[in-house]
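Chemist: Please find model_10.csv (CSV, C-alpha atoms) on the next line:
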```csv
chain,number,residue,atom,x,y,z
E,1,ASP,CA,12.1,-31.4,51.7
E,2,LYS,CA,12.1,-27.6,51.5
E,3,ILE,CA,10.1,-27.2,54.7
E,4,GLU,CA,11.9,-26.7,58.1
E,5,PHE,CA,9.8,-27.4,61.2
E,6,ILE,CA,10.6,-25.1,64.1
E,7,TYR,CA,8.3,-25.7,67.1
E,8,GLY,CA,7.3,-22.7,69.1
E,9,GLY,CA,7.4,-19.0,68.4
E,10,VAL,CA,9.4,-15.9,69.2
E,11,PHE,CA,8.1,-14.5,72.5
E,12,PRO,CA,9.7,-12.1,75.0
E,13,SER,CA,10.6,-15.0,77.3
E,14,ASP,CA,13.7,-13.2,78.5
E,15,TYR,CA,11.5,-10.3,79.7
E,16,TYR,CA,9.4,-12.7,81.8
E,17,LYS,CA,12.4,-14.5,83.1
E,18,LYS,CA,13.9,-11.2,84.3
E,19,MET,CA,10.7,-9.5,85.4
E,20,CYS,CA,8.7,-12.4,86.8
E,21,LYS,CA,7.4,-11.5,90.3
E,22,LYS,CA,6.7,-13.5,93.4
E,23,LYS,CA,3.6,-15.7,92.9
E,24,PHE,CA,0.6,-14.9,95.1
E,25,GLU,CA,-0.9,-18.2,96.1
E,26,TYR,CA,-4.5,-18.9,97.0
E,27,LYS,CA,-5.3,-19.0,100.7
E,28,LYS,CA,-1.6,-18.3,101.5
E,29,ASP,CA,-1.0,-14.8,99.9
E,30,LYS,CA,-4.5,-13.9,98.7
E,31,ARG,CA,-8.1,-14.8,99.5
E,32,THR,CA,-9.3,-15.2,95.9
E,33,PHE,CA,-8.8,-17.9,93.3
E,34,ASP,CA,-8.2,-16.0,90.0
E,35,ILE,CA,-8.8,-17.2,86.5
E,36,CYS,CA,-7.9,-15.1,83.5
E,37,PHE,CA,-8.7,-15.1,79.8
E,38,VAL,CA,-6.2,-13.3,77.6
E,39,ALA,CA,-6.7,-12.9,73.8
E,40,ASN,CA,-7.3,-10.5,71.0
E,41,LYS,CA,-10.8,-10.2,69.7
E,42,TYR,CA,-11.1,-11.1,66.0
E,43,MET,CA,-14.7,-12.0,65.7
E,44,GLU,CA,-18.1,-11.5,67.3
E,45,LYS,CA,-18.3,-13.1,70.8
E,46,GLY,CA,-14.7,-14.3,70.4
E,47,ILE,CA,-15.8,-17.8,69.6
E,48,ASP,CA,-12.5,-18.6,67.9
E,49,LYS,CA,-10.7,-17.9,71.2
E,50,GLY,CA,-13.4,-19.6,73.3
E,51,TYR,CA,-14.6,-16.5,75.0
E,52,ASP,CA,-18.2,-17.9,74.9
E,53,ILE,CA,-17.0,-21.0,76.7
E,54,PHE,CA,-15.0,-19.0,79.2
E,55,ILE,CA,-18.1,-17.0,80.2
E,56,ASP,CA,-20.1,-20.2,80.6
E,57,VAL,CA,-17.4,-21.6,82.8
E,58,CYS,CA,-17.4,-18.5,84.9
E,59,LYS,CA,-21.1,-18.7,85.4
E,60,ALA,CA,-20.9,-22.3,86.4
E,61,LEU,CA,-18.1,-21.7,88.9
E,62,THR,CA,-19.9,-18.9,90.6
E,63,LYS,CA,-22.6,-21.4,91.6
E,64,ILE,CA,-20.1,-23.6,93.5
E,65,SER,CA,-17.4,-21.3,94.6
E,66,ASP,CA,-17.7,-18.0,96.4
E,67,ASP,CA,-14.1,-16.8,96.1
E,68,THR,CA,-13.3,-17.5,92.4
E,69,TYR,CA,-12.8,-14.3,90.4
E,70,PHE,CA,-12.3,-13.8,86.6
E,71,HIS,CA,-10.2,-11.4,84.6
E,72,VAL,CA,-10.3,-10.6,80.9
E,73,VAL,CA,-7.5,-8.9,79.0
E,74,GLY,CA,-8.0,-8.0,75.3
E,75,GLY,CA,-10.7,-6.3,73.2
E,76,PHE,CA,-13.6,-7.8,75.1
E,77,ASN,CA,-16.2,-6.1,77.4
E,78,GLU,CA,-19.4,-6.7,79.2
E,79,HIS,CA,-21.4,-6.2,76.1
E,80,ASP,CA,-20.0,-9.0,74.0
E,81,ILE,CA,-21.8,-11.7,75.9
E,82,SER,CA,-24.2,-11.3,78.9
E,83,ILE,CA,-22.3,-11.4,82.2
E,84,GLU,CA,-25.5,-11.5,84.3
E,85,GLY,CA,-24.6,-13.0,87.6
E,86,LEU,CA,-21.0,-12.2,87.2
E,87,GLU,CA,-21.1,-8.4,87.6
E,88,ASN,CA,-19.1,-8.4,90.9
E,89,ARG,CA,-16.9,-11.3,90.0
E,90,ILE,CA,-15.4,-10.3,86.6
E,91,LYS,CA,-13.1,-7.5,85.6
E,92,PHE,CA,-12.2,-6.2,82.1
E,93,TYR,CA,-8.8,-4.7,81.5
E,94,GLY,CA,-8.9,-3.9,77.8
E,95,THR,CA,-5.8,-4.3,75.6
E,96,ARG,CA,-2.5,-3.9,77.5
E,97,PHE,CA,1.2,-3.5,76.8
E,98,LEU,CA,3.9,-5.9,77.9
E,99,GLN,CA,4.8,-4.0,81.1
E,100,PHE,CA,1.3,-4.7,82.5
E,101,PHE,CA,1.6,-8.5,82.6
E,102,PRO,CA,4.3,-9.4,85.2
E,103,ASP,CA,2.3,-7.9,88.1
E,104,PHE,CA,-1.0,-9.1,86.6
E,105,TYR,CA,0.2,-12.7,86.1
E,106,SER,CA,1.7,-12.9,89.6
E,107,LYS,CA,-1.9,-12.9,91.0
E,108,MET,CA,-3.4,-15.3,88.4
E,109,ASP,CA,-3.8,-19.0,89.2
E,110,ILE,CA,-5.0,-20.2,85.8
E,111,ILE,CA,-5.2,-18.9,82.3
E,112,LEU,CA,-8.1,-20.5,80.5
E,113,SER,CA,-8.0,-20.8,76.7
E,114,PRO,CA,-10.8,-23.0,75.2
E,115,ASN,CA,-9.9,-21.8,71.6
E,116,LYS,CA,-11.4,-23.6,68.5
E,117,SER,CA,-9.9,-24.1,65.1
E,118,PHE,CA,-11.5,-23.3,61.7
E,119,VAL,CA,-14.2,-20.9,63.0
E,120,LEU,CA,-12.6,-17.5,62.3
E,121,TYR,CA,-12.3,-18.5,58.6
E,122,PRO,CA,-11.7,-21.8,56.7
E,123,GLY,CA,-8.3,-23.3,57.7
E,124,SER,CA,-7.7,-20.8,60.5
E,125,PHE,CA,-6.1,-22.1,63.7
E,126,ASP,CA,-4.0,-20.9,66.7
E,127,GLY,CA,-0.6,-21.9,67.6
E,128,PHE,CA,-0.2,-24.3,70.6
E,129,PRO,CA,-0.3,-23.0,73.1
E,130,THR,CA,-1.5,-19.5,72.0
E,131,GLY,CA,1.0,-16.7,72.3
E,132,CYS,CA,-0.9,-15.3,75.3
E,133,CYS,CA,-0.8,-18.7,77.0
E,134,ALA,CA,2.9,-19.0,76.2
E,135,GLU,CA,3.7,-15.7,77.9
E,136,ALA,CA,1.4,-16.5,80.9
E,137,ALA,CA,3.3,-19.8,81.4
E,138,CYS,CA,6.6,-17.9,81.3
E,139,ALA,CA,5.2,-15.8,84.1
E,140,GLY,CA,4.2,-18.8,86.1
E,141,VAL,CA,0.5,-19.2,85.4
E,142,ALA,CA,-0.9,-22.7,84.9
E,143,ILE,CA,-2.2,-23.2,81.3
E,144,PHE,CA,-5.6,-24.8,80.8
E,145,CYS,CA,-6.1,-25.0,77.0
E,146,THR,CA,-7.6,-27.0,74.2
E,147,ASP,CA,-5.5,-28.8,71.6
E,148,ASP,CA,-8.1,-29.8,69.0
E,149,LEU,CA,-5.4,-30.4,66.3
E,150,ASN,CA,-3.1,-32.4,68.5
E,151,ASN,CA,-0.3,-30.0,68.1
E,152,ASN,CA,1.3,-30.5,71.5
E,153,ILE,CA,4.8,-32.1,71.3
E,154,ALA,CA,6.5,-30.3,74.1
E,155,PHE,CA,4.4,-30.2,77.3
E,156,LYS,CA,3.5,-33.2,79.5
E,157,ASN,CA,-0.3,-33.1,80.0
E,158,ASN,CA,-1.4,-32.9,83.7
E,159,GLU,CA,2.2,-32.3,84.7
E,160,GLU,CA,3.3,-29.1,82.8
E,161,ILE,CA,0.0,-28.2,81.2
E,162,CYS,CA,-3.7,-29.1,81.5
E,163,ILE,CA,-5.3,-30.0,78.2
E,164,ILE,CA,-9.1,-29.4,78.2
E,165,ASN,CA,-11.9,-30.0,75.8
E,166,ARG,CA,-14.7,-27.4,75.2
E,167,ASN,CA,-17.3,-29.1,77.4
E,168,VAL,CA,-18.1,-26.6,80.2
E,169,HIS,CA,-18.9,-29.4,82.7
E,170,ASP,CA,-15.5,-31.1,82.1
E,171,ILE,CA,-13.6,-27.8,82.3
E,172,VAL,CA,-15.3,-26.9,85.6
E,173,ASP,CA,-14.5,-30.4,87.0
E,174,LYS,CA,-10.8,-30.0,86.2
E,175,ILE,CA,-10.7,-26.5,87.6
E,176,MET,CA,-12.4,-27.5,90.8
E,177,TYR,CA,-10.0,-30.4,91.2
E,178,TYR,CA,-7.0,-28.0,91.2
E,179,TYR,CA,-9.0,-25.5,93.3
E,180,SER,CA,-9.2,-28.2,96.0
E,181,ASN,CA,-5.6,-29.3,95.4
E,182,THR,CA,-3.6,-26.1,95.1
E,183,ASP,CA,-0.3,-27.9,95.9
E,184,LYS,CA,-0.8,-29.8,92.6
E,185,LEU,CA,-1.9,-26.6,90.8
E,186,TYR,CA,1.2,-24.7,91.8
E,187,ASP,CA,3.4,-27.7,91.0
E,188,LEU,CA,1.8,-27.7,87.5
E,189,SER,CA,2.5,-23.9,87.1
E,190,ILE,CA,6.1,-24.2,88.3
E,191,LYS,CA,6.9,-27.1,85.9
E,192,GLY,CA,4.9,-25.4,83.1
E,193,ARG,CA,7.0,-22.2,83.6
E,194,GLN,CA,10.2,-24.2,83.4
E,195,LYS,CA,9.1,-25.9,80.2
E,196,ALA,CA,7.9,-22.7,78.6
E,197,LEU,CA,11.1,-20.9,79.4
E,198,GLU,CA,13.0,-23.8,77.8
E,199,VAL,CA,10.8,-24.2,74.7
E,200,PHE,CA,10.3,-20.5,74.1
E,201,ASP,CA,13.7,-19.4,75.0
E,202,ILE,CA,14.1,-16.4,72.6
E,203,HIS,CA,17.8,-16.9,71.9
E,204,GLU,CA,17.2,-20.6,71.0
E,205,GLN,CA,14.2,-19.8,68.9
E,206,MET,CA,16.0,-17.0,67.1
E,207,LYS,CA,19.1,-19.1,66.6
E,208,LYS,CA,17.1,-21.8,64.8
E,209,ARG,CA,15.7,-19.2,62.4
E,210,VAL,CA,19.0,-17.4,61.8
E,211,ASP,CA,20.8,-20.6,61.2
E,212,LEU,CA,18.2,-21.6,58.6
E,213,LEU,CA,18.5,-18.3,56.8
E,214,LYS,CA,22.3,-18.4,56.8
E,215,GLN,CA,22.2,-21.6,54.8
E,216,TYR,CA,20.6,-19.8,52.0
E,217,LEU,CA,22.3,-16.5,52.4
E,218,GLU,CA,25.7,-18.1,52.3
E,219,ASN,CA,25.0,-20.2,49.1
```
Transcribe the structure of this file into C-alpha coordinates.
Modeler:
Amino acid sequence: DKIEFIYGGVFPSDYYKKMCKKKFEYKKDKRTFDICFVANKYMEKGIDKGYDIFIDVCKALTKISDDTYFHVVGGFNEHDISIEGLENRIKFYGTRFLQFFPDFYSKMDIILSPNKSFVLYPGSFDGFPTGCCAEAACAGVAIFCTDDLNNNIAFKNNEEICIINRNVHDIVDKIMYYYSNTDKLYDLSIKGRQKALEVFDIHEQMKKRVDLLKQYLEN
(Lines of atoms letter the chains of each structure in order from A and count residues from 1; the text may use other names and numbers.)
(Lines give C-alpha, C1' and ligand atoms only; values in the text may rest on other atoms or scores of the structure.)
Protein backbone atom coordinates (compact mmCIF):
# COMPACT_ATOMS: atom_id res chain seq x y z
CA ASP A 1 0.00 0.00 0.00
CA LYS A 2 3.05 2.28 0.00
CA ILE A 3 3.84 1.62 -3.66
CA GLU A 4 2.55 3.93 -6.38
CA PHE A 5 2.53 2.54 -9.93
CA ILE A 6 3.20 5.16 -12.61
CA TYR A 7 3.47 3.60 -16.07
CA GLY A 8 6.01 5.09 -18.43
CA GLY A 9 9.04 7.27 -17.90
CA VAL A 10 10.22 10.85 -18.21
CA PHE A 11 11.38 11.34 -21.79
CA PRO A 12 11.85 14.51 -23.89
CA SER A 13 8.55 13.93 -25.69
CA ASP A 14 7.97 17.67 -25.96
CA TYR A 15 11.23 17.98 -27.91
CA TYR A 16 10.17 15.35 -30.43
CA LYS A 17 6.70 16.82 -30.65
CA LYS A 18 8.23 20.16 -31.59
CA MET A 19 11.23 19.01 -33.63
CA CYS A 20 9.78 15.97 -35.41
CA LYS A 21 10.49 16.23 -39.14
CA LYS A 22 8.61 15.09 -42.23
CA LYS A 23 8.67 11.33 -42.57
CA PHE A 24 10.60 9.94 -45.54
CA GLU A 25 8.59 7.01 -46.84
CA TYR A 26 9.99 3.99 -48.66
CA LYS A 27 9.48 4.08 -52.46
CA LYS A 28 7.89 7.50 -52.14
CA ASP A 29 10.58 9.74 -50.67
CA LYS A 30 13.53 7.33 -50.57
CA ARG A 31 14.71 4.17 -52.30
CA THR A 32 15.80 2.30 -49.18
CA PHE A 33 13.95 0.49 -46.41
CA ASP A 34 15.75 1.45 -43.21
CA ILE A 35 15.86 -0.45 -39.93
CA CYS A 36 17.67 0.89 -36.88
CA PHE A 37 18.99 -0.48 -33.61
CA VAL A 38 19.44 2.12 -30.87
CA ALA A 39 20.78 1.17 -27.43
CA ASN A 40 23.63 1.62 -25.01
CA LYS A 41 26.14 -1.19 -24.76
CA TYR A 42 26.30 -2.72 -21.29
CA MET A 43 27.77 -6.16 -21.98
CA GLU A 44 29.75 -8.12 -24.56
CA LYS A 45 27.87 -8.46 -27.85
CA GLY A 46 24.96 -6.49 -26.38
CA ILE A 47 22.99 -9.67 -25.75
CA ASP A 48 20.76 -7.96 -23.16
CA LYS A 49 19.65 -5.47 -25.81
CA GLY A 50 19.35 -8.13 -28.50
CA TYR A 51 22.17 -6.83 -30.68
CA ASP A 52 23.12 -10.42 -31.58
CA ILE A 53 19.57 -11.09 -32.78
CA PHE A 54 19.54 -7.80 -34.68
CA ILE A 55 22.67 -8.76 -36.63
CA ASP A 56 21.23 -12.19 -37.44
CA VAL A 57 18.04 -10.52 -38.70
CA CYS A 58 20.11 -8.14 -40.85
CA LYS A 59 21.99 -11.03 -42.42
CA ALA A 60 18.75 -12.89 -43.14
CA LEU A 61 17.10 -9.85 -44.68
CA THR A 62 20.01 -9.14 -47.04
CA LYS A 63 19.36 -12.52 -48.67
CA ILE A 64 15.78 -11.62 -49.60
CA SER A 65 15.87 -7.84 -49.99
CA ASP A 66 18.30 -5.72 -51.99
CA ASP A 67 17.22 -2.33 -50.69
CA THR A 68 17.04 -2.89 -46.93
CA TYR A 69 19.70 -1.04 -44.94
CA PHE A 70 20.62 -1.09 -41.27
CA HIS A 71 21.68 1.58 -38.80
CA VAL A 72 23.22 1.21 -35.34
CA VAL A 73 23.35 4.02 -32.78
CA GLY A 74 25.13 3.42 -29.47
CA GLY A 75 28.40 1.93 -28.30
CA PHE A 76 28.54 -0.82 -30.91
CA ASN A 77 30.85 -1.29 -33.89
CA GLU A 78 31.80 -3.81 -36.54
CA HIS A 79 34.05 -5.68 -34.12
CA ASP A 80 31.39 -6.68 -31.57
CA ILE A 81 29.85 -9.32 -33.84
CA SER A 82 30.94 -10.27 -37.35
CA ILE A 83 29.13 -8.24 -40.01
CA GLU A 84 30.42 -10.35 -42.89
CA GLY A 85 28.06 -9.86 -45.80
CA LEU A 86 26.69 -6.64 -44.34
CA GLU A 87 29.68 -4.39 -44.96
CA ASN A 88 27.86 -2.23 -47.52
CA ARG A 89 24.46 -2.42 -45.85
CA ILE A 90 25.10 -1.35 -42.25
CA LYS A 91 26.25 1.93 -40.74
CA PHE A 92 27.49 2.64 -37.21
CA TYR A 93 26.94 6.10 -35.75
CA GLY A 94 28.36 5.74 -32.24
CA THR A 95 26.74 7.42 -29.25
CA ARG A 96 24.82 10.57 -30.17
CA PHE A 97 23.20 13.54 -28.43
CA LEU A 98 19.49 14.34 -28.55
CA GLN A 99 19.81 16.84 -31.41
CA PHE A 100 20.95 14.06 -33.76
CA PHE A 101 17.74 12.05 -33.62
CA PRO A 102 14.93 14.08 -35.27
CA ASP A 103 16.65 14.02 -38.65
CA PHE A 104 17.88 10.45 -38.16
CA TYR A 105 14.45 9.07 -37.21
CA SER A 106 12.73 10.88 -40.07
CA LYS A 107 14.49 8.42 -42.40
CA MET A 108 13.95 5.26 -40.33
CA ASP A 109 11.10 2.85 -41.04
CA ILE A 110 11.51 0.47 -38.09
CA ILE A 111 13.37 0.43 -34.78
CA LEU A 112 14.14 -3.18 -33.84
CA SER A 113 14.62 -4.04 -30.16
CA PRO A 114 14.83 -7.80 -29.43
CA ASN A 115 15.98 -7.18 -25.85
CA LYS A 116 16.02 -9.95 -23.24
CA SER A 117 15.51 -9.84 -19.47
CA PHE A 118 17.76 -11.32 -16.77
CA VAL A 119 20.96 -11.66 -18.84
CA LEU A 120 22.86 -8.50 -17.86
CA TYR A 121 22.69 -9.62 -14.21
CA PRO A 122 20.12 -11.54 -12.11
CA GLY A 123 16.82 -9.66 -12.02
CA SER A 124 17.78 -7.06 -14.64
CA PHE A 125 15.21 -5.97 -17.19
CA ASP A 126 14.42 -3.04 -19.44
CA GLY A 127 11.41 -0.80 -19.34
CA PHE A 128 8.68 -1.35 -21.90
CA PRO A 129 9.29 -0.09 -24.41
CA THR A 130 12.94 0.82 -23.88
CA GLY A 131 13.76 4.50 -23.56
CA CYS A 132 15.29 4.51 -27.05
CA CYS A 133 12.16 2.91 -28.50
CA ALA A 134 9.93 5.40 -26.68
CA GLU A 135 11.84 8.31 -28.19
CA ALA A 136 11.85 6.72 -31.64
CA ALA A 137 8.08 6.26 -31.43
CA CYS A 138 7.65 9.92 -30.46
CA ALA A 139 9.55 10.73 -33.66
CA GLY A 140 7.29 8.53 -35.78
CA VAL A 141 9.27 5.30 -36.10
CA ALA A 142 7.43 1.97 -35.87
CA ILE A 143 8.51 -0.07 -32.83
CA PHE A 144 9.24 -3.77 -33.26
CA CYS A 145 10.18 -5.01 -29.80
CA THR A 146 10.02 -7.90 -27.37
CA ASP A 147 7.92 -7.99 -24.21
CA ASP A 148 9.11 -11.12 -22.41
CA LEU A 149 7.72 -9.94 -19.05
CA ASN A 150 4.30 -8.94 -20.45
CA ASN A 151 4.73 -5.35 -19.31
CA ASN A 152 2.69 -3.78 -22.10
CA ILE A 153 -0.46 -2.11 -20.81
CA ALA A 154 -0.65 0.91 -23.10
CA PHE A 155 0.01 -0.03 -26.74
CA LYS A 156 -2.28 -2.07 -28.97
CA ASN A 157 -0.26 -4.82 -30.60
CA ASN A 158 -0.20 -4.76 -34.42
CA GLU A 159 -1.99 -1.42 -34.35
CA GLU A 160 0.31 0.92 -32.40
CA ILE A 161 3.30 -1.37 -31.90
CA CYS A 162 4.57 -4.71 -33.16
CA ILE A 163 5.47 -7.19 -30.41
CA ILE A 164 8.08 -9.72 -31.51
CA ASN A 165 9.77 -12.77 -30.03
CA ARG A 166 13.49 -13.47 -30.36
CA ASN A 167 13.16 -15.99 -33.16
CA VAL A 168 15.03 -14.61 -36.18
CA HIS A 169 12.77 -16.33 -38.71
CA ASP A 170 9.62 -14.92 -37.06
CA ILE A 171 11.09 -11.41 -36.89
CA VAL A 172 12.08 -11.53 -40.56
CA ASP A 173 8.58 -12.69 -41.52
CA LYS A 174 6.99 -9.77 -39.65
CA ILE A 175 9.38 -7.24 -41.13
CA MET A 176 8.85 -8.55 -44.65
CA TYR A 177 5.08 -8.35 -44.20
CA TYR A 178 5.32 -4.64 -43.49
CA TYR A 179 8.04 -4.22 -46.13
CA SER A 180 5.46 -5.45 -48.63
CA ASN A 181 2.60 -3.48 -47.04
CA THR A 182 4.08 -0.08 -46.33
CA ASP A 183 0.67 1.54 -46.00
CA LYS A 184 0.11 -0.62 -42.93
CA LEU A 185 3.62 0.09 -41.66
CA TYR A 186 3.17 3.85 -41.79
CA ASP A 187 -0.29 3.55 -40.26
CA LEU A 188 1.37 1.62 -37.43
CA SER A 189 4.00 4.32 -36.99
CA ILE A 190 1.46 7.16 -37.03
CA LYS A 191 -0.76 5.52 -34.43
CA GLY A 192 2.30 4.50 -32.43
CA ARG A 193 3.53 8.09 -32.37
CA GLN A 194 0.16 9.37 -31.22
CA LYS A 195 0.07 6.82 -28.40
CA ALA A 196 3.69 7.44 -27.40
CA LEU A 197 3.18 11.21 -27.22
CA GLU A 198 0.12 10.59 -25.06
CA VAL A 199 1.67 8.00 -22.74
CA PHE A 200 5.05 9.70 -22.41
CA ASP A 201 3.79 13.27 -22.33
CA ILE A 202 6.47 14.85 -20.13
CA HIS A 203 4.08 17.21 -18.37
CA GLU A 204 1.68 14.40 -17.47
CA GLN A 205 4.51 12.09 -16.38
CA MET A 206 6.04 14.81 -14.21
CA LYS A 207 2.67 15.84 -12.76
CA LYS A 208 2.03 12.30 -11.49
CA ARG A 209 5.39 12.28 -9.74
CA VAL A 210 5.13 15.78 -8.32
CA ASP A 211 1.61 15.14 -7.04
CA LEU A 212 2.85 12.01 -5.29
CA LEU A 213 5.74 13.84 -3.64
CA LYS A 214 3.50 16.70 -2.57
CA GLN A 215 1.37 14.29 -0.54
CA TYR A 216 4.39 13.55 1.66
CA LEU A 217 5.93 17.01 1.65
CA GLU A 218 2.68 18.57 2.80
CA ASN A 219 2.12 16.10 5.65
Chemist: One decimal, Å: what's the distance from atom CA of E:Val199 over to atom CA of E:Ala134, could you say?
Modeler: 9.6 Å
Chemist: Which residue out of E:Asp48, E:Glu78, E:Asp211, E:Asp201 has the minimum interatomic distance to E:Ser117 when all atoms listed in the file are used?
Modeler: E:Asp48
Chemist: Which residues, written as an mmCIF file with C-alpha atoms, keeping the file's coordinate frame, have at least one atom at most 7 Å from stretch 173-188 of chain E, with all atoms listed in the file counted and residues fewer than 5 positions away on the same chain left out?
Modeler:
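Printed below is result.cif as written:
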```cif
data_model
loop_
_atom_site.group_PDB
_atom_site.id
_atom_site.type_symbol
_atom_site.label_atom_id
_atom_site.label_comp_id
_atom_site.auth_asym_id
_atom_site.auth_seq_id
_atom_site.Cartn_x
_atom_site.Cartn_y
_atom_site.Cartn_z
ATOM 1 C CA ALA E 142 -0.900 -22.700 84.900
ATOM 2 C CA GLU E 159 2.200 -32.300 84.700
ATOM 3 C CA GLU E 160 3.300 -29.100 82.800
ATOM 4 C CA ILE E 161 0.000 -28.200 81.200
#
```
Chemist: One number please: atom CA of E:Phe70 to atom CA of E:Tyr26, in Å, one decimal.
Modeler: 14.0 Å
Chemist: So, with only C-alpha atoms as the atoms that count, which of E:Lys18, E:Gly127, E:Phe104, E:Ile171 lies closest to E:Phe54?
Modeler: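 Nearest candidate to E:Phe54 out of E:Lys18, E:Gly127, E:Phe104, E:Ile171: E:Ile171.
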Chemist: Mind pulling up the distance from atom CA of E:Asp52 to atom CA of E:Glu135?
Modeler: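 Interatomic distance, atom CA of E:Glu135 to atom CA of E:Asp52: 22.2 Å.
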Chemist: At most 12 Å from (-19.3, -3.9, 75.0), file frame, only C-alpha atoms: which residues, as a PDB file with C-alpha atoms, in the coordinates of the input?
Modeler:
```
ATOM      1  CA  LYS E  41     -10.800 -10.200  69.700  1.00  0.00           C
ATOM      2  CA  GLU E  44     -18.100 -11.500  67.300  1.00  0.00           C
ATOM      3  CA  LYS E  45     -18.300 -13.100  70.800  1.00  0.00           C
ATOM      4  CA  GLY E  75     -10.700  -6.300  73.200  1.00  0.00           C
ATOM      5  CA  PHE E  76     -13.600  -7.800  75.100  1.00  0.00           C
ATOM      6  CA  ASN E  77     -16.200  -6.100  77.400  1.00  0.00           C
ATOM      7  CA  GLU E  78     -19.400  -6.700  79.200  1.00  0.00           C
ATOM      8  CA  HIS E  79     -21.400  -6.200  76.100  1.00  0.00           C
ATOM      9  CA  ASP E  80     -20.000  -9.000  74.000  1.00  0.00           C
ATOM     10  CA  ILE E  81     -21.800 -11.700  75.900  1.00  0.00           C
ATOM     11  CA  SER E  82     -24.200 -11.300  78.900  1.00  0.00           C
ATOM     12  CA  ILE E  83     -22.300 -11.400  82.200  1.00  0.00           C
ATOM     13  CA  PHE E  92     -12.200  -6.200  82.100  1.00  0.00           C
ATOM     14  CA  GLY E  94      -8.900  -3.900  77.800  1.00  0.00           C
TER      15      GLY E  94
END
```
Chemist: Near E:Asn115, within 12 Å and counting all atoms listed in the file, which residues show up once chain neighbours fewer than 4 positions away are dropped, as JSON, numbers by chain?
Modeler: {"E": [37, 38, 39, 40, 41, 46, 47, 48, 49, 50, 51, 52, 53, 54, 119, 120, 124, 125, 126, 127, 128, 129, 130, 132, 133, 144, 145, 146, 147, 148, 149, 163, 164, 165, 166, 167]}
Chemist: Using all atoms listed in the file, can you list as a ChimeraX atom specification the residues within 12 Å of (6.0, -10.6, 86.9)?
Modeler: /E:13-24,98-108,135-141
Chemist: Set the distance at 8 Å and use all atoms listed in the file: which residues neighbour stretch 86-91 of chain E once local chain neighbours fewer than 2 positions away are removed? I'd like the list as a PyMOL selection string.
Modeler: chain E and resi 58-59+62+68-72+83-84+93
Chemist: Any chance you could export the current selection's C-alpha atoms as a PDB file, keeping the file's coordinate frame?
Modeler:
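The new file out20.pdb reads:
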```
ATOM      1  CA  CYS E  58     -17.400 -18.500  84.900  1.00  0.00           C
ATOM      2  CA  LYS E  59     -21.100 -18.700  85.400  1.00  0.00           C
ATOM      3  CA  THR E  62     -19.900 -18.900  90.600  1.00  0.00           C
ATOM      4  CA  THR E  68     -13.300 -17.500  92.400  1.00  0.00           C
ATOM      5  CA  TYR E  69     -12.800 -14.300  90.400  1.00  0.00           C
ATOM      6  CA  PHE E  70     -12.300 -13.800  86.600  1.00  0.00           C
ATOM      7  CA  HIS E  71     -10.200 -11.400  84.600  1.00  0.00           C
ATOM      8  CA  VAL E  72     -10.300 -10.600  80.900  1.00  0.00           C
ATOM      9  CA  ILE E  83     -22.300 -11.400  82.200  1.00  0.00           C
ATOM     10  CA  GLU E  84     -25.500 -11.500  84.300  1.00  0.00           C
ATOM     11  CA  TYR E  93      -8.800  -4.700  81.500  1.00  0.00           C
TER      12      TYR E  93
END
```
Chemist: With distances taken over only C-alpha atoms, which residue among E:Ile55, E:Asp1, E:Leu217, E:Gln194 lies nearest E:Cys36?
Modeler: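 Using only C-alpha atoms, E:Cys36 sits closest to E:Ile55.
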